[in-house]
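Take a look at the structure set out below.
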Amino acid sequence: MTAFRRLARFGPFGLALLVLLVSSGMALIHAAWNRSGEPRAVLELTERELHPVLSWTEEDTGLSLNLSWRALDARISPHDRSMIGSMYQIASTSPEWLMDPDRLGDLGFDVSVPLDAPGAALHYHRLLPRRVFVAYQMEGDSWDHYLASVRRTLEECPQREVPPESCPDETEIEERLQNVQRLDSRLFAIDAASDAATLLEKYADRPGTVVLPASVELIYQSGNPEEDEEPEIRGYLQAPEVSSLHAPLPMKGKLERWLKDPEPWEHERGPRFRARVAWGRFFEPWLLEVEHLPRERAEPNPQEAQP
Amino acid sequence: MTEDRTAAQARADQIHAFRKELTRLEAEGVETFSDEQSARVAAHHERLLADLAERFDVDVSSTQRQMSIGLRIASFLGAAALSASAVLFFRRIWGTLPTSGQVLILVLAPVVFLVAAQFTSRRERTPYLTSLLTLLAIACFVLDLTVLGEIFNLPASSGAFLAWGLFAVALGRGNHLRLPMATGLVSLGIWVAAMVQVLLGHPWWTCFHRPESLLPAAVAVLILPSLASRATPGGLAPASRLVGMVGFFGTMLVLSESGGNSYLPLESETVEATYQILGVFLAGAATAWGLRRRWPEVTWSGAAFFALFLFIKFVDWWWDWMPRYLFFLIVGLAVLGILVLVQRLRRRFQQETPT
């Protein structure tokens, strides 16, 4: 307090210095407090779930890893379908379990207006996104369902409204499924609630699960009476609140060395590193350790090998 | 120091205006002072100007004034370039430093520039170097909190806007610098808007989805100099009013084009029409208010927004079907109309409150 009084005597200069020191100090104390004690969750992830972030300038020497996640999407878009097995990241998605108006009501959205009421579009378009807590699971049931749905999607291709020549044949289906199993993120958003305690209690005994804050946006679609389409609302899940992990110096050096290896989808397939990530008391993550992964060398395509 | 400098510059300008007017009166044959009185007043003014020039480095000629404007622009450009350099230099080296080294640099950099700004504000008679160092300190403080968040994987927080706002306002107020003051008020405005959203039960960052949450802060900044003159002395009051005007009418302009982002429980088109009408009416009223109170920054920003609201409406009404020459002719005539109207209002207020 004496130091504060001394600073206050310096007038605006003292106030500016005080604001600077207090706010920087609070950020550091917050970070230390988050990491103190037993972490809420520790997950072992690989490059499949942690994508290196490309820097915005070549002169930036920092390195971050971006948390890559997915969800069993109610509607796989043609673009997403074409990207299956190519290690792509999603920014937001509409999981099946966010299609239910009651569930959206539990998350805090005002869903009291009937979807076909005259003012429904105005009401639902005006609803703001909500901060919620989401349970993410690593290699759980959702991952198994995802693999099955990918196979189904690829095999059902000729029945869809696409030219038959753009559908994959059996060999390609198998190859893309192998790619999915080697490359796609296995971290799935499986549930959401308006408070963390509900999810922490519900998934306390489920290994590989982490609860994180994220936001959900509500989308209203008016439907098309001519095609018997009913109006509907669904939630769009955005990325976790903190989805970028900074790599501190010792780990950054190792990661940079390993990232010089060929990309995961090239001849030496599969992720290049594994990392243990912890989430602390404020649901904020940090890297515990990183490890190099041995990689499987894929057979070169004979057609590509010909000169 | 600088507040006194503002007052000193005003006094020097007054002396020059007095001398010019006196010369003119004498040329027109009006009897003014006796030779002895003229000599006494001239000697007094010379002493005063010499003293003001010595103590506050005021501009005593129009050439010096033009050079001062140049110095002010150079100081701003220098601060912008040095801030970019500081940010890029840190980004260049931070990957080679341990976390403790990164934190130390991030916290110490704004402290160093803050102390340097304080030092120059006491040593220098002109504000240019102090202004440059103050802007550099603000840029380093923004870098400090942003990168601490990155290093420790912290979520974005509205508290950062409060800290940046207080820091910049304190430095702007302490050294009587307009740009840091304006920067700080913008940052505090965002924080107030964020708090409005939190009070309404929404995440803080939804303030960017609902521009109306910015309106209370904009109004507060606009009337701050009238309510608390000690908080915005001298040249800081116009800066505060200008930030308030841009915040208030800028928000209304956005809402007049995207009614879907409004809190009003009305159809988007109705919201847009409401803000268009309100915008034109209030911008006109603000122009008149600025003229009456002799606040040029309010007068001209009000007139500019009035013209902008009209122009956007003209585009909505006529752009698609009207020949371009006719469209721009109407826009030009409308602007001429605004000029005539403002001139008339100006004359009317001059007659009401003669100086």
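Identifiers in the structure tokens: chain A, B, ... in order shown; residue index from 1 per chain; ligand index from 1 in order shown.
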
Review point. Any idea what's packed within 9 Å of stretch 210-224 of chain A, counting only C-alpha atoms, ignoring anything in its chain fewer than 2 positions away? Could you give it as a VMD selection string?
Key: chain A and resid 40 to 43 104 107 109 115 to 116 120 to 121 124 to 125 127 to 138 192 196 199 to 200 203 207 to 208 226 to 242 279 283 to 284

Point to revise | Contact residues (chain A, partner chain B, 7 Å, only C-alpha atoms) as JSON, numbers by chain | key: {"A": [12, 13, 15, 16, 19, 23, 24, 31, 59, 60, 61, 62, 122, 126, 130, 131, 241, 242, 244, 245, 246, 248, 249, 284, 285, 286]}

Considering only strand (DSSP E or B) as DSSP defines it on the backbone, what residues of stretch 48-276 of chain A qualify? List them as a short mmCIF file (atom, residue, chain, number, x, y, z; two decimals) with N, CA and C atoms, in the first residue's frame.
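After the write, part_27.cif holds the following:
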```cif
data_model
loop_
_atom_site.label_atom_id
_atom_site.label_comp_id
_atom_site.auth_asym_id
_atom_site.auth_seq_id
_atom_site.Cartn_x
_atom_site.Cartn_y
_atom_site.Cartn_z
N LEU A 50 -2.97 -31.15 -33.06
CA LEU A 50 -2.24 -29.90 -32.79
C LEU A 50 -1.51 -29.48 -34.07
N HIS A 51 -2.14 -28.62 -34.84
CA HIS A 51 -1.54 -28.19 -36.11
C HIS A 51 -0.61 -27.01 -35.88
N PRO A 52 0.63 -27.07 -36.38
CA PRO A 52 1.52 -25.90 -36.27
C PRO A 52 0.89 -24.71 -37.00
N SER A 64 3.31 -21.64 -32.50
CA SER A 64 2.10 -22.04 -31.78
C SER A 64 1.51 -23.27 -32.43
N LEU A 65 0.74 -24.00 -31.63
CA LEU A 65 0.04 -25.18 -32.15
C LEU A 65 -1.45 -24.94 -31.98
N ASN A 66 -2.21 -25.18 -33.04
CA ASN A 66 -3.65 -24.91 -33.00
C ASN A 66 -4.42 -26.19 -32.75
N LEU A 67 -5.30 -26.13 -31.75
CA LEU A 67 -6.09 -27.31 -31.40
C LEU A 67 -7.09 -27.62 -32.52
N ARG A 70 -13.17 -31.82 -34.02
CA ARG A 70 -14.33 -31.95 -34.90
C ARG A 70 -15.54 -32.42 -34.11
N ASP A 73 -21.03 -34.04 -37.45
CA ASP A 73 -21.80 -32.94 -38.04
C ASP A 73 -23.14 -33.44 -38.54
N SER A 92 -15.89 -24.05 -37.36
CA SER A 92 -17.14 -24.20 -36.62
C SER A 92 -17.94 -25.30 -37.27
N THR A 93 -18.87 -25.85 -36.51
CA THR A 93 -19.68 -26.93 -37.06
C THR A 93 -21.00 -27.00 -36.31
N PRO A 95 -23.07 -29.72 -34.66
CA PRO A 95 -23.19 -31.13 -34.28
C PRO A 95 -24.65 -31.57 -34.18
N ARG A 130 -23.72 -17.50 -27.35
CA ARG A 130 -23.60 -17.72 -25.91
C ARG A 130 -22.32 -18.43 -25.58
N ARG A 131 -21.75 -18.06 -24.44
CA ARG A 131 -20.55 -18.76 -23.97
C ARG A 131 -21.04 -19.99 -23.20
N VAL A 132 -20.55 -21.15 -23.62
CA VAL A 132 -20.98 -22.40 -22.98
C VAL A 132 -19.74 -23.22 -22.65
N PHE A 133 -19.96 -24.37 -22.02
CA PHE A 133 -18.85 -25.30 -21.79
C PHE A 133 -19.11 -26.55 -22.64
N VAL A 134 -18.05 -27.04 -23.23
CA VAL A 134 -18.17 -28.18 -24.15
C VAL A 134 -17.25 -29.29 -23.69
N ALA A 135 -17.76 -30.53 -23.73
CA ALA A 135 -16.92 -31.70 -23.41
C ALA A 135 -16.32 -32.22 -24.72
N TYR A 136 -15.01 -32.38 -24.72
CA TYR A 136 -14.30 -32.93 -25.89
C TYR A 136 -13.72 -34.28 -25.47
N GLN A 137 -13.87 -35.27 -26.34
CA GLN A 137 -13.32 -36.58 -26.00
C GLN A 137 -12.35 -37.04 -27.07
N MET A 138 -11.27 -37.68 -26.59
CA MET A 138 -10.23 -38.17 -27.49
C MET A 138 -10.48 -39.66 -27.77
N LEU A 187 -10.09 -35.77 -31.72
CA LEU A 187 -10.68 -35.03 -30.59
C LEU A 187 -12.07 -34.55 -31.01
N PHE A 188 -13.11 -35.06 -30.35
CA PHE A 188 -14.49 -34.75 -30.76
C PHE A 188 -15.25 -34.01 -29.68
N ALA A 189 -15.97 -32.97 -30.10
CA ALA A 189 -16.90 -32.29 -29.20
C ALA A 189 -18.10 -33.21 -29.05
N ILE A 190 -18.43 -33.56 -27.79
CA ILE A 190 -19.50 -34.57 -27.62
C ILE A 190 -20.71 -34.04 -26.85
N ASP A 191 -20.55 -32.94 -26.14
CA ASP A 191 -21.68 -32.46 -25.32
C ASP A 191 -21.43 -31.00 -24.93
N ALA A 192 -22.51 -30.31 -24.53
CA ALA A 192 -22.35 -28.92 -24.09
C ALA A 192 -23.33 -28.63 -22.96
N ALA A 193 -22.96 -27.70 -22.11
CA ALA A 193 -23.85 -27.27 -21.02
C ALA A 193 -23.53 -25.82 -20.72
N THR A 209 -11.33 -37.20 -21.62
CA THR A 209 -12.31 -36.14 -21.83
C THR A 209 -11.84 -34.85 -21.16
N VAL A 210 -12.07 -33.74 -21.84
CA VAL A 210 -11.71 -32.44 -21.27
C VAL A 210 -12.88 -31.48 -21.50
N VAL A 211 -13.15 -30.66 -20.49
CA VAL A 211 -14.25 -29.69 -20.59
C VAL A 211 -13.63 -28.31 -20.81
N LEU A 212 -14.10 -27.61 -21.87
CA LEU A 212 -13.52 -26.31 -22.22
C LEU A 212 -14.59 -25.29 -22.55
N PRO A 213 -14.34 -24.00 -22.27
CA PRO A 213 -15.31 -22.98 -22.70
C PRO A 213 -15.22 -22.74 -24.21
N ALA A 214 -16.38 -22.55 -24.80
CA ALA A 214 -16.45 -22.24 -26.24
C ALA A 214 -17.73 -21.42 -26.43
N SER A 215 -18.04 -21.06 -27.66
CA SER A 215 -19.29 -20.31 -27.86
C SER A 215 -20.15 -21.01 -28.90
N VAL A 216 -21.45 -20.82 -28.75
CA VAL A 216 -22.41 -21.40 -29.68
C VAL A 216 -23.24 -20.28 -30.27
N GLU A 217 -23.40 -20.32 -31.57
CA GLU A 217 -24.22 -19.33 -32.27
C GLU A 217 -25.48 -20.04 -32.76
N LEU A 218 -26.61 -19.37 -32.65
CA LEU A 218 -27.86 -20.00 -33.09
C LEU A 218 -28.20 -19.54 -34.51
N ILE A 219 -28.50 -20.52 -35.36
CA ILE A 219 -28.85 -20.21 -36.74
C ILE A 219 -30.31 -20.61 -36.97
N TYR A 220 -31.07 -19.70 -37.58
CA TYR A 220 -32.48 -19.99 -37.90
C TYR A 220 -32.60 -20.13 -39.42
N GLN A 221 -33.27 -21.21 -39.84
CA GLN A 221 -33.53 -21.37 -41.27
C GLN A 221 -35.03 -21.46 -41.49
N GLU A 232 -36.28 -24.39 -39.02
CA GLU A 232 -35.51 -25.07 -37.97
C GLU A 232 -34.47 -24.14 -37.36
N ILE A 233 -34.06 -24.47 -36.14
CA ILE A 233 -32.93 -23.76 -35.53
C ILE A 233 -31.88 -24.80 -35.17
N ARG A 234 -30.64 -24.38 -35.24
CA ARG A 234 -29.55 -25.26 -34.81
C ARG A 234 -28.40 -24.43 -34.28
N GLY A 235 -27.61 -25.08 -33.47
CA GLY A 235 -26.47 -24.37 -32.87
C GLY A 235 -25.21 -24.61 -33.67
N TYR A 236 -24.45 -23.56 -33.84
CA TYR A 236 -23.14 -23.67 -34.49
C TYR A 236 -22.06 -23.56 -33.43
N LEU A 237 -21.31 -24.62 -33.26
CA LEU A 237 -20.27 -24.63 -32.23
C LEU A 237 -18.99 -24.01 -32.80
N GLN A 238 -18.45 -23.03 -32.07
CA GLN A 238 -17.19 -22.39 -32.50
C GLN A 238 -16.00 -23.08 -31.81
N ALA A 239 -14.81 -22.68 -32.19
CA ALA A 239 -13.59 -23.27 -31.61
C ALA A 239 -13.53 -22.98 -30.11
N PRO A 240 -12.80 -23.82 -29.33
CA PRO A 240 -12.65 -23.51 -27.90
C PRO A 240 -12.08 -22.11 -27.70
N SER A 244 -5.18 -21.94 -29.25
CA SER A 244 -3.81 -21.83 -29.75
C SER A 244 -2.85 -22.00 -28.57
N LEU A 245 -1.91 -22.92 -28.70
CA LEU A 245 -0.97 -23.19 -27.61
C LEU A 245 0.43 -22.73 -28.00
N HIS A 246 0.97 -21.86 -27.18
CA HIS A 246 2.32 -21.35 -27.44
C HIS A 246 3.35 -22.39 -27.04
N GLU A 268 6.27 -40.23 -46.14
CA GLU A 268 6.40 -40.75 -44.78
C GLU A 268 5.18 -40.27 -44.02
N ARG A 269 4.18 -41.12 -43.93
CA ARG A 269 2.88 -40.65 -43.48
C ARG A 269 2.73 -40.66 -41.97
N PHE A 273 4.88 -35.52 -34.44
CA PHE A 273 5.18 -35.39 -33.00
C PHE A 273 3.95 -35.70 -32.16
N ARG A 274 4.24 -35.96 -30.89
CA ARG A 274 3.19 -36.21 -29.90
C ARG A 274 3.40 -35.16 -28.81
N ALA A 275 2.32 -34.72 -28.16
CA ALA A 275 2.46 -33.72 -27.09
C ALA A 275 1.49 -34.02 -25.96
N ARG A 276 1.94 -33.78 -24.76
CA ARG A 276 1.02 -33.89 -23.61
C ARG A 276 0.56 -32.47 -23.28
#
```

Practice item. Just the residues within 7 Å of A:Arg48, please, counting only C-alpha atoms, with nothing from its chain fewer than 6 positions along; format it as an MDAnalysis selection string. Key: chainID A and resid 183:185 271
